[in-house]
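To be precise, the following lines are my_file_34.txt, and they hold compact mmCIF, N, CA, C and O atoms.
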```txt
# COMPACT_ATOMS: atom_id res chain seq x y z
N GLY A 1048 -21.50 6.50 -52.87
CA GLY A 1048 -20.90 6.61 -54.19
C GLY A 1048 -19.57 5.89 -54.25
O GLY A 1048 -19.07 5.39 -53.25
N LYS A 1049 -19.02 5.86 -55.42
CA LYS A 1049 -17.73 5.20 -55.63
C LYS A 1049 -16.59 6.12 -55.23
O LYS A 1049 -16.73 7.33 -55.21
N ALA A 1050 -15.44 5.52 -54.93
CA ALA A 1050 -14.26 6.30 -54.54
C ALA A 1050 -13.84 7.23 -55.66
O ALA A 1050 -13.93 6.89 -56.83
N ASP A 1051 -13.39 8.41 -55.28
CA ASP A 1051 -12.95 9.42 -56.23
C ASP A 1051 -11.48 9.17 -56.56
O ASP A 1051 -10.61 9.95 -56.20
N LYS A 1052 -11.21 8.06 -57.22
CA LYS A 1052 -9.84 7.64 -57.55
C LYS A 1052 -9.77 7.30 -59.02
O LYS A 1052 -10.74 6.94 -59.64
N ALA A 1053 -8.55 7.38 -59.56
CA ALA A 1053 -8.27 6.99 -60.93
C ALA A 1053 -7.10 6.02 -60.89
O ALA A 1053 -6.32 6.03 -59.95
N TYR A 1054 -6.99 5.18 -61.92
CA TYR A 1054 -6.00 4.11 -61.89
C TYR A 1054 -5.18 4.10 -63.18
O TYR A 1054 -5.71 4.32 -64.27
N LEU A 1055 -3.88 3.85 -63.03
CA LEU A 1055 -2.97 3.88 -64.16
C LEU A 1055 -2.13 2.60 -64.16
O LEU A 1055 -1.60 2.21 -63.12
N SER A 1056 -2.04 1.95 -65.33
CA SER A 1056 -1.21 0.75 -65.48
C SER A 1056 -0.47 0.84 -66.80
O SER A 1056 -0.80 1.65 -67.66
N PHE A 1057 0.50 -0.05 -66.94
CA PHE A 1057 1.33 -0.10 -68.13
C PHE A 1057 1.36 -1.52 -68.66
O PHE A 1057 1.47 -2.46 -67.88
N SER A 1058 1.25 -1.66 -69.98
CA SER A 1058 1.31 -2.99 -70.58
C SER A 1058 2.55 -3.09 -71.46
O SER A 1058 3.03 -2.09 -71.99
N ALA A 1059 3.05 -4.31 -71.60
CA ALA A 1059 4.20 -4.58 -72.45
C ALA A 1059 4.15 -6.05 -72.86
O ALA A 1059 3.32 -6.80 -72.36
N ALA A 1060 5.05 -6.43 -73.75
CA ALA A 1060 5.07 -7.82 -74.22
C ALA A 1060 5.38 -8.79 -73.08
O ALA A 1060 4.96 -9.93 -73.10
N GLN A 1061 6.12 -8.30 -72.06
CA GLN A 1061 6.41 -9.15 -70.91
C GLN A 1061 6.33 -8.34 -69.62
O GLN A 1061 6.50 -7.13 -69.64
N ALA A 1062 6.07 -9.03 -68.52
CA ALA A 1062 5.99 -8.37 -67.22
C ALA A 1062 7.40 -7.94 -66.81
O ALA A 1062 8.34 -8.73 -66.90
N LYS A 1063 7.54 -6.68 -66.41
CA LYS A 1063 8.84 -6.14 -66.05
C LYS A 1063 8.66 -5.05 -65.01
O LYS A 1063 7.70 -4.29 -65.06
N ASP A 1064 9.60 -4.96 -64.06
CA ASP A 1064 9.58 -3.86 -63.11
C ASP A 1064 10.03 -2.59 -63.82
O ASP A 1064 11.03 -2.61 -64.54
N ILE A 1065 9.30 -1.50 -63.62
CA ILE A 1065 9.67 -0.23 -64.25
C ILE A 1065 9.53 0.91 -63.25
O ILE A 1065 8.63 0.90 -62.42
N PRO A 1066 10.43 1.89 -63.33
CA PRO A 1066 10.25 3.10 -62.53
C PRO A 1066 9.37 4.08 -63.32
O PRO A 1066 9.59 4.30 -64.51
N VAL A 1067 8.37 4.62 -62.65
CA VAL A 1067 7.43 5.54 -63.28
C VAL A 1067 7.38 6.81 -62.43
O VAL A 1067 7.32 6.73 -61.20
N THR A 1068 7.40 7.96 -63.08
CA THR A 1068 7.25 9.23 -62.37
C THR A 1068 5.94 9.86 -62.81
O THR A 1068 5.69 10.02 -64.00
N VAL A 1069 5.08 10.16 -61.84
CA VAL A 1069 3.80 10.81 -62.11
C VAL A 1069 3.79 12.12 -61.33
O VAL A 1069 3.90 12.12 -60.11
N ASP A 1070 3.68 13.23 -62.06
CA ASP A 1070 3.68 14.56 -61.44
C ASP A 1070 4.86 14.75 -60.49
O ASP A 1070 4.73 15.31 -59.41
N GLY A 1071 6.03 14.22 -60.87
CA GLY A 1071 7.23 14.40 -60.06
C GLY A 1071 7.40 13.39 -58.93
O GLY A 1071 8.43 13.38 -58.27
N LYS A 1072 6.42 12.52 -58.71
CA LYS A 1072 6.52 11.51 -57.64
C LYS A 1072 6.87 10.16 -58.27
O LYS A 1072 6.25 9.74 -59.23
N GLU A 1073 7.87 9.49 -57.68
CA GLU A 1073 8.33 8.23 -58.27
C GLU A 1073 7.59 7.02 -57.70
O GLU A 1073 7.32 6.94 -56.51
N TYR A 1074 7.26 6.09 -58.59
CA TYR A 1074 6.60 4.84 -58.22
C TYR A 1074 7.40 3.70 -58.83
O TYR A 1074 8.00 3.85 -59.88
N ARG A 1075 7.39 2.54 -58.16
CA ARG A 1075 7.91 1.31 -58.77
C ARG A 1075 6.68 0.49 -59.09
O ARG A 1075 5.83 0.28 -58.23
N THR A 1076 6.58 0.06 -60.31
CA THR A 1076 5.43 -0.74 -60.70
C THR A 1076 5.88 -1.83 -61.65
O THR A 1076 7.05 -1.91 -62.01
N GLU A 1077 4.97 -2.67 -62.03
CA GLU A 1077 5.27 -3.78 -62.91
C GLU A 1077 4.35 -3.68 -64.13
O GLU A 1077 3.17 -3.38 -63.98
N THR A 1078 4.92 -3.93 -65.31
CA THR A 1078 4.06 -3.93 -66.49
C THR A 1078 3.17 -5.18 -66.47
O THR A 1078 3.50 -6.20 -65.87
N ILE A 1079 2.04 -5.07 -67.15
CA ILE A 1079 1.11 -6.19 -67.31
C ILE A 1079 1.37 -6.77 -68.68
O ILE A 1079 1.40 -6.03 -69.68
N ARG A 1080 1.59 -8.07 -68.74
CA ARG A 1080 1.80 -8.69 -70.06
C ARG A 1080 0.55 -8.50 -70.89
O ARG A 1080 -0.55 -8.81 -70.45
N VAL A 1081 0.73 -8.01 -72.11
CA VAL A 1081 -0.40 -7.70 -72.99
C VAL A 1081 -1.31 -8.91 -73.13
O VAL A 1081 -2.52 -8.80 -73.04
N LYS A 1082 -0.73 -10.09 -73.27
CA LYS A 1082 -1.58 -11.25 -73.51
C LYS A 1082 -2.35 -11.67 -72.26
O LYS A 1082 -3.33 -12.39 -72.37
N ASN A 1083 -1.97 -11.19 -71.10
CA ASN A 1083 -2.71 -11.50 -69.86
C ASN A 1083 -3.79 -10.48 -69.56
O ASN A 1083 -4.54 -10.63 -68.61
N TRP A 1084 -3.84 -9.40 -70.32
CA TRP A 1084 -4.75 -8.30 -69.99
C TRP A 1084 -6.06 -8.43 -70.74
O TRP A 1084 -6.09 -8.63 -71.94
N SER A 1085 -7.15 -8.31 -70.00
CA SER A 1085 -8.45 -8.07 -70.62
C SER A 1085 -9.10 -7.04 -69.72
O SER A 1085 -8.92 -7.05 -68.51
N GLY A 1086 -9.83 -6.14 -70.28
CA GLY A 1086 -10.38 -5.00 -69.54
C GLY A 1086 -11.22 -5.39 -68.34
O GLY A 1086 -11.37 -4.61 -67.41
N ASP A 1087 -11.77 -6.61 -68.34
CA ASP A 1087 -12.65 -7.01 -67.23
C ASP A 1087 -11.92 -7.84 -66.18
O ASP A 1087 -12.52 -8.41 -65.29
N LYS A 1088 -10.60 -7.92 -66.28
CA LYS A 1088 -9.81 -8.72 -65.33
C LYS A 1088 -9.97 -8.16 -63.91
O LYS A 1088 -10.10 -6.96 -63.72
N ASP A 1089 -9.94 -9.03 -62.93
CA ASP A 1089 -10.04 -8.62 -61.54
C ASP A 1089 -8.81 -7.79 -61.17
O ASP A 1089 -7.70 -8.29 -61.15
N LEU A 1090 -9.02 -6.51 -60.90
CA LEU A 1090 -7.90 -5.60 -60.66
C LEU A 1090 -7.13 -5.92 -59.39
O LEU A 1090 -5.96 -5.60 -59.29
N ARG A 1091 -7.76 -6.57 -58.44
CA ARG A 1091 -7.04 -6.90 -57.19
C ARG A 1091 -5.86 -7.82 -57.48
O ARG A 1091 -4.85 -7.75 -56.80
N SER A 1092 -5.98 -8.67 -58.50
CA SER A 1092 -4.87 -9.58 -58.82
C SER A 1092 -3.72 -8.83 -59.47
O SER A 1092 -2.64 -9.38 -59.64
N LEU A 1093 -3.95 -7.59 -59.85
CA LEU A 1093 -2.92 -6.78 -60.51
C LEU A 1093 -2.43 -5.65 -59.61
O LEU A 1093 -1.87 -4.67 -60.09
N ALA A 1094 -2.61 -5.78 -58.31
CA ALA A 1094 -2.32 -4.69 -57.38
C ALA A 1094 -0.91 -4.12 -57.54
O ALA A 1094 -0.71 -2.91 -57.42
N ASN A 1095 0.08 -4.96 -57.84
CA ASN A 1095 1.46 -4.48 -58.00
C ASN A 1095 1.66 -3.70 -59.28
O ASN A 1095 2.71 -3.13 -59.50
N SER A 1096 0.66 -3.73 -60.15
CA SER A 1096 0.78 -3.09 -61.46
C SER A 1096 -0.07 -1.84 -61.60
O SER A 1096 -0.15 -1.27 -62.68
N ILE A 1097 -0.75 -1.44 -60.53
CA ILE A 1097 -1.68 -0.32 -60.62
C ILE A 1097 -1.22 0.83 -59.73
O ILE A 1097 -0.91 0.64 -58.56
N ILE A 1098 -1.19 2.03 -60.31
CA ILE A 1098 -0.90 3.25 -59.55
C ILE A 1098 -2.25 3.95 -59.34
O ILE A 1098 -2.96 4.21 -60.30
N THR A 1099 -2.59 4.23 -58.09
CA THR A 1099 -3.84 4.91 -57.78
C THR A 1099 -3.58 6.41 -57.66
O THR A 1099 -2.67 6.82 -56.94
N LEU A 1100 -4.36 7.20 -58.38
CA LEU A 1100 -4.17 8.65 -58.46
C LEU A 1100 -5.47 9.38 -58.22
O LEU A 1100 -6.54 8.78 -58.24
N GLU A 1101 -5.36 10.69 -58.04
CA GLU A 1101 -6.54 11.53 -58.05
C GLU A 1101 -6.98 11.69 -59.51
O GLU A 1101 -6.13 11.74 -60.40
N PRO A 1102 -8.28 11.79 -59.78
CA PRO A 1102 -8.71 12.04 -61.16
C PRO A 1102 -8.15 13.38 -61.65
O PRO A 1102 -7.93 14.29 -60.85
N GLY A 1103 -7.91 13.48 -62.95
CA GLY A 1103 -7.42 14.73 -63.52
C GLY A 1103 -6.30 14.48 -64.51
O GLY A 1103 -6.07 13.35 -64.95
N THR A 1104 -5.56 15.54 -64.85
CA THR A 1104 -4.47 15.46 -65.81
C THR A 1104 -3.16 15.23 -65.07
O THR A 1104 -2.88 15.91 -64.08
N HIS A 1105 -2.39 14.27 -65.54
CA HIS A 1105 -1.13 13.91 -64.90
C HIS A 1105 -0.02 13.84 -65.94
O HIS A 1105 -0.25 13.42 -67.07
N THR A 1106 1.19 14.23 -65.53
CA THR A 1106 2.38 14.08 -66.37
C THR A 1106 3.05 12.77 -65.99
O THR A 1106 3.42 12.57 -64.84
N VAL A 1107 3.17 11.87 -66.97
CA VAL A 1107 3.69 10.53 -66.74
C VAL A 1107 5.00 10.35 -67.51
O VAL A 1107 5.04 10.59 -68.72
N VAL A 1108 6.05 9.94 -66.80
CA VAL A 1108 7.34 9.68 -67.44
C VAL A 1108 7.78 8.27 -67.05
O VAL A 1108 7.78 7.91 -65.87
N VAL A 1109 8.15 7.47 -68.06
CA VAL A 1109 8.64 6.12 -67.82
C VAL A 1109 10.04 6.03 -68.40
O VAL A 1109 10.27 6.41 -69.54
N LYS A 1110 10.97 5.52 -67.57
CA LYS A 1110 12.36 5.33 -68.02
C LYS A 1110 12.74 3.87 -67.83
O LYS A 1110 12.15 3.18 -67.00
N ASP A 1111 13.74 3.44 -68.58
CA ASP A 1111 14.24 2.09 -68.35
C ASP A 1111 15.32 2.13 -67.26
O ASP A 1111 15.59 3.19 -66.70
N LYS A 1112 15.93 0.97 -66.98
CA LYS A 1112 16.91 0.90 -65.89
C LYS A 1112 18.11 1.81 -66.11
O LYS A 1112 18.74 2.25 -65.16
N THR A 1113 18.45 2.08 -67.37
CA THR A 1113 19.61 2.92 -67.66
C THR A 1113 19.27 4.41 -67.60
O THR A 1113 20.14 5.26 -67.75
N GLY A 1114 17.98 4.72 -67.40
CA GLY A 1114 17.58 6.12 -67.33
C GLY A 1114 17.09 6.68 -68.66
O GLY A 1114 16.72 7.84 -68.75
N LYS A 1115 17.08 5.84 -69.70
CA LYS A 1115 16.59 6.27 -71.01
C LYS A 1115 15.06 6.41 -70.96
O LYS A 1115 14.36 5.53 -70.48
N GLU A 1116 14.55 7.56 -71.44
CA GLU A 1116 13.11 7.82 -71.40
C GLU A 1116 12.39 6.96 -72.44
O GLU A 1116 12.72 6.99 -73.62
N LEU A 1117 11.40 6.19 -71.98
CA LEU A 1117 10.60 5.35 -72.87
C LEU A 1117 9.36 6.09 -73.34
O LEU A 1117 8.93 5.94 -74.48
N THR A 1118 8.77 6.87 -72.45
CA THR A 1118 7.61 7.68 -72.82
C THR A 1118 7.47 8.82 -71.84
O THR A 1118 7.84 8.71 -70.67
N SER A 1119 6.94 9.92 -72.33
CA SER A 1119 6.62 11.07 -71.50
C SER A 1119 5.36 11.67 -72.09
O SER A 1119 5.33 12.03 -73.26
N GLN A 1120 4.30 11.70 -71.29
CA GLN A 1120 3.03 12.19 -71.82
C GLN A 1120 2.13 12.73 -70.73
O GLN A 1120 2.29 12.39 -69.57
N LYS A 1121 1.22 13.59 -71.15
CA LYS A 1121 0.17 14.07 -70.25
C LYS A 1121 -1.05 13.21 -70.50
O LYS A 1121 -1.42 12.98 -71.65
N VAL A 1122 -1.64 12.70 -69.43
CA VAL A 1122 -2.83 11.87 -69.57
C VAL A 1122 -3.93 12.40 -68.66
O VAL A 1122 -3.65 12.86 -67.55
N PHE A 1123 -5.16 12.34 -69.15
CA PHE A 1123 -6.32 12.70 -68.33
C PHE A 1123 -7.01 11.40 -67.94
O PHE A 1123 -7.31 10.56 -68.79
N ILE A 1124 -7.25 11.25 -66.64
CA ILE A 1124 -7.93 10.06 -66.15
C ILE A 1124 -9.13 10.50 -65.33
O ILE A 1124 -9.00 11.27 -64.38
N SER A 1125 -10.30 10.01 -65.71
CA SER A 1125 -11.54 10.34 -64.99
C SER A 1125 -11.65 9.50 -63.72
O SER A 1125 -10.98 8.49 -63.57
N ALA A 1126 -12.55 9.91 -62.83
CA ALA A 1126 -12.82 9.13 -61.62
C ALA A 1126 -13.26 7.72 -62.02
O ALA A 1126 -14.06 7.56 -62.94
N GLN A 1127 -12.72 6.72 -61.36
CA GLN A 1127 -13.02 5.30 -61.58
C GLN A 1127 -12.51 4.76 -62.91
O GLN A 1127 -12.75 3.60 -63.23
N GLU A 1128 -11.78 5.58 -63.69
CA GLU A 1128 -11.22 5.09 -64.95
C GLU A 1128 -9.90 4.38 -64.69
O GLU A 1128 -9.14 4.76 -63.81
N HIS A 1129 -9.65 3.32 -65.46
CA HIS A 1129 -8.37 2.60 -65.41
C HIS A 1129 -7.70 2.80 -66.76
O HIS A 1129 -8.11 2.21 -67.75
N LYS A 1130 -6.68 3.65 -66.80
CA LYS A 1130 -5.98 3.98 -68.04
C LYS A 1130 -4.79 3.04 -68.20
O LYS A 1130 -4.03 2.83 -67.27
N MET A 1131 -4.67 2.45 -69.39
CA MET A 1131 -3.57 1.53 -69.69
C MET A 1131 -2.68 2.19 -70.74
O MET A 1131 -3.17 2.60 -71.80
N ILE A 1132 -1.38 2.30 -70.46
CA ILE A 1132 -0.42 2.85 -71.41
C ILE A 1132 0.47 1.70 -71.90
O ILE A 1132 1.09 1.02 -71.10
N GLY A 1133 0.50 1.50 -73.20
CA GLY A 1133 1.31 0.45 -73.80
C GLY A 1133 2.75 0.90 -73.96
O GLY A 1133 3.00 2.04 -74.37
N LEU A 1134 3.70 0.05 -73.62
CA LEU A 1134 5.12 0.35 -73.74
C LEU A 1134 5.81 -0.66 -74.64
O LEU A 1134 5.48 -1.84 -74.64
N GLU A 1135 6.80 -0.17 -75.40
CA GLU A 1135 7.68 -1.05 -76.18
C GLU A 1135 8.95 -1.22 -75.36
O GLU A 1135 9.73 -0.28 -75.26
N LEU A 1136 9.13 -2.36 -74.74
CA LEU A 1136 10.31 -2.58 -73.89
C LEU A 1136 11.31 -3.48 -74.58
O LEU A 1136 10.98 -4.36 -75.29
```

Can you give me the file's structure in the form of structure tokens?
Amino acid sequence: GKADKAYLSFSAAQAKDIPVTVDGKEYRTETIRVKNWSGDKDLRSLANSIITLEPGTHTVVVKDKTGKELTSQKVFISAQEHKMIGLEL
């Protein structure tokens, strides 16, 4: 069977490094430029932009460099699902 993993990425008008907190754990990731994204893109080429998680409900908080909260939300991600959250940066 397939791996019991879920995937989370962030899109924005331009690629940018962002700090992301998922369930209290901090990650450094990079946004995917909206115009470069298509759902069938080879995910290996986006490795720096993907957070791998256990399937289920997660609390996601994204802040900018100054610490200002850009988004805070609960998201449910199924096994093998790749959830994309759009950001206004």

Quiz item: Neighbours of His1105 of chain A within 6 Å (only N, CA, C and O atoms; same-chain residues fewer than 3 positions away dropped), as a PyMOL selection string?
Solution: chain A and resi 1070+1120-1124

Quiz item: How many Å lie between atom C of Asn1095 of chain A and atom CA of Ser1119 of chain A, rounded to one decimal?
Solution: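 Distance reported for this atom pair: 19.8 Å.
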
Give me, as a PDB file with N, CA, C and O atoms, in the frame of the given file, all polymer residues having an atom no more than 7 Å from Ile1132 of chain A, counting all atoms listed in the file and skipping those fewer than 3 positions away in the same chain.
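around.pdb was written with the following content:
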```
ATOM      1  N   LEU A1055      -3.880   3.850 -63.030  1.00  0.00           N
ATOM      2  CA  LEU A1055      -2.970   3.880 -64.160  1.00  0.00           C
ATOM      3  C   LEU A1055      -2.130   2.600 -64.160  1.00  0.00           C
ATOM      4  O   LEU A1055      -1.600   2.210 -63.120  1.00  0.00           O
ATOM      5  N   SER A1056      -2.040   1.950 -65.330  1.00  0.00           N
ATOM      6  CA  SER A1056      -1.210   0.750 -65.480  1.00  0.00           C
ATOM      7  C   SER A1056      -0.470   0.840 -66.800  1.00  0.00           C
ATOM      8  O   SER A1056      -0.800   1.650 -67.660  1.00  0.00           O
ATOM      9  N   PHE A1057       0.500  -0.050 -66.940  1.00  0.00           N
ATOM     10  CA  PHE A1057       1.330  -0.100 -68.130  1.00  0.00           C
ATOM     11  C   PHE A1057       1.360  -1.520 -68.660  1.00  0.00           C
ATOM     12  O   PHE A1057       1.470  -2.460 -67.880  1.00  0.00           O
ATOM     13  N   SER A1058       1.250  -1.660 -69.980  1.00  0.00           N
ATOM     14  CA  SER A1058       1.310  -2.990 -70.580  1.00  0.00           C
ATOM     15  C   SER A1058       2.550  -3.090 -71.460  1.00  0.00           C
ATOM     16  O   SER A1058       3.030  -2.090 -71.990  1.00  0.00           O
ATOM     17  N   ALA A1059       3.050  -4.310 -71.600  1.00  0.00           N
ATOM     18  CA  ALA A1059       4.200  -4.580 -72.450  1.00  0.00           C
ATOM     19  C   ALA A1059       4.150  -6.050 -72.860  1.00  0.00           C
ATOM     20  O   ALA A1059       3.320  -6.800 -72.360  1.00  0.00           O
TER      21      ALA A1059
END
```

Quiz item: How many Å lie between atom O of Leu1117 of chain A and atom CA of Ala1060 of chain A, rounded to one decimal?
Solution: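 Atom O of Leu1117 of chain A sits 14.3 Å away from atom CA of Ala1060 of chain A.
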
For Ile1098 of chain A, work out the shell of residues within 5 Å, counting all atoms listed in the file and skipping chain neighbours fewer than 2 positions away, then give it as a compact mmCIF listing (two decimals) with N, CA, C and O atoms, in the frame of the given file.
```txt
# COMPACT_ATOMS: atom_id res chain seq x y z
N ALA A 1053 -8.55 7.38 -59.56
CA ALA A 1053 -8.27 6.99 -60.93
C ALA A 1053 -7.10 6.02 -60.89
O ALA A 1053 -6.32 6.03 -59.95
N TYR A 1054 -6.99 5.18 -61.92
CA TYR A 1054 -6.00 4.11 -61.89
C TYR A 1054 -5.18 4.10 -63.18
O TYR A 1054 -5.71 4.32 -64.27
N LEU A 1055 -3.88 3.85 -63.03
CA LEU A 1055 -2.97 3.88 -64.16
C LEU A 1055 -2.13 2.60 -64.16
O LEU A 1055 -1.60 2.21 -63.12
N SER A 1096 0.66 -3.73 -60.15
CA SER A 1096 0.78 -3.09 -61.46
C SER A 1096 -0.07 -1.84 -61.60
O SER A 1096 -0.15 -1.27 -62.68
N LEU A 1100 -4.36 7.20 -58.38
CA LEU A 1100 -4.17 8.65 -58.46
C LEU A 1100 -5.47 9.38 -58.22
O LEU A 1100 -6.54 8.78 -58.24
```

Quiz item: Where in chain A does DSSP assign strand (DSSP E or B), given as JSON, numbers by chain?
Solution: {"A": [1053, 1054, 1055, 1056, 1057, 1058, 1059, 1064, 1065, 1066, 1067, 1068, 1069, 1072, 1073, 1074, 1075, 1076, 1077, 1079, 1080, 1098, 1099, 1100, 1103, 1104, 1105, 1106, 1107, 1108, 1109, 1110, 1116, 1117, 1118, 1119, 1120, 1121, 1122, 1123, 1124, 1129, 1130, 1131, 1132, 1133]}

Practice problem: Counting only N, CA, C and O atoms, figure out which residue out of A:Val1081, A:Gly1103, A:Glu1073, A:Pro1066 gets nearest to Ala1126 of chain A. | Solution: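 Among the listed residues, A:Gly1103 lies closest to Ala1126 of chain A.
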
Exercise. Enter the distance from atom CA of Ser1125 of chain A to atom N of Thr1099 of chain A, in Å, rounded to one decimal.
Key: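 Taking atom CA of Ser1125 of chain A and atom N of Thr1099 of chain A, their separation equals 12.8 Å.
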
Exercise. Select, from A:Glu1077, A:Ala1062, A:Thr1068, A:Asp1051, the residue with the minimum atom-to-atom distance to Gly1114 of chain A, counting only C-alpha atoms.
Key: A:Thr1068

Quiz item: Quick one: of A:Val1067, A:Arg1080, A:Gln1127, A:Leu1134, who's nearest to Lys1049 of chain A, counting all atoms listed in the file?
Solution: A:Gln1127

Practice problem: Show which residues sit within 10 Å of Gly1071 of chain A, as a ChimeraX atom specification. Count only C-alpha atoms, and ignore same-chain residues fewer than 5 positions away. | Solution: /A:1105-1108

Could you list, as a PDB file with N, CA, C and O atoms, keeping the file's coordinate frame, every residue within 6 Å of Ile1065 of chain A, counting only N, CA, C and O atoms and ignoring same-chain residues fewer than 3 positions away?
```pdb
ATOM      1  N   TYR A1074       7.260   6.090 -58.590  1.00  0.00           N
ATOM      2  CA  TYR A1074       6.600   4.840 -58.220  1.00  0.00           C
ATOM      3  C   TYR A1074       7.400   3.700 -58.830  1.00  0.00           C
ATOM      4  O   TYR A1074       8.000   3.850 -59.880  1.00  0.00           O
ATOM      5  N   ARG A1075       7.390   2.540 -58.160  1.00  0.00           N
ATOM      6  CA  ARG A1075       7.910   1.310 -58.770  1.00  0.00           C
ATOM      7  C   ARG A1075       6.680   0.490 -59.090  1.00  0.00           C
ATOM      8  O   ARG A1075       5.830   0.280 -58.230  1.00  0.00           O
ATOM      9  N   THR A1076       6.580   0.060 -60.310  1.00  0.00           N
ATOM     10  CA  THR A1076       5.430  -0.740 -60.700  1.00  0.00           C
ATOM     11  C   THR A1076       5.880  -1.830 -61.650  1.00  0.00           C
ATOM     12  O   THR A1076       7.050  -1.910 -62.010  1.00  0.00           O
ATOM     13  N   GLU A1077       4.970  -2.670 -62.030  1.00  0.00           N
ATOM     14  CA  GLU A1077       5.270  -3.780 -62.910  1.00  0.00           C
ATOM     15  C   GLU A1077       4.350  -3.680 -64.130  1.00  0.00           C
ATOM     16  O   GLU A1077       3.170  -3.380 -63.980  1.00  0.00           O
ATOM     17  N   THR A1078       4.920  -3.930 -65.310  1.00  0.00           N
ATOM     18  CA  THR A1078       4.060  -3.930 -66.490  1.00  0.00           C
ATOM     19  C   THR A1078       3.170  -5.180 -66.470  1.00  0.00           C
ATOM     20  O   THR A1078       3.500  -6.200 -65.870  1.00  0.00           O
ATOM     21  N   LYS A1110      10.970   5.520 -67.570  1.00  0.00           N
ATOM     22  CA  LYS A1110      12.360   5.330 -68.020  1.00  0.00           C
ATOM     23  C   LYS A1110      12.740   3.870 -67.830  1.00  0.00           C
ATOM     24  O   LYS A1110      12.150   3.180 -67.000  1.00  0.00           O
TER      25      LYS A1110
END
```

How big is the axis-aligned box around the listed atoms of segment 1117-1134 of chain A once 8 Å is added on each side, and where is its centre? Give both in Å to one decimal, as AutoDock Vina command-line options.
```
--center_x -1.3 --center_y 6.1 --center_z -68.0 --size_x 41.5 --size_y 31.9 --size_z 29.3
```

Self-check item: Counting only C-alpha atoms, the residue of A:Ile1079, A:Leu1136, A:Leu1093, A:Met1131 that sits nearest Lys1112 of chain A
Solution: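 The shortest atom-to-atom distance to Lys1112 of chain A comes from A:Leu1136.
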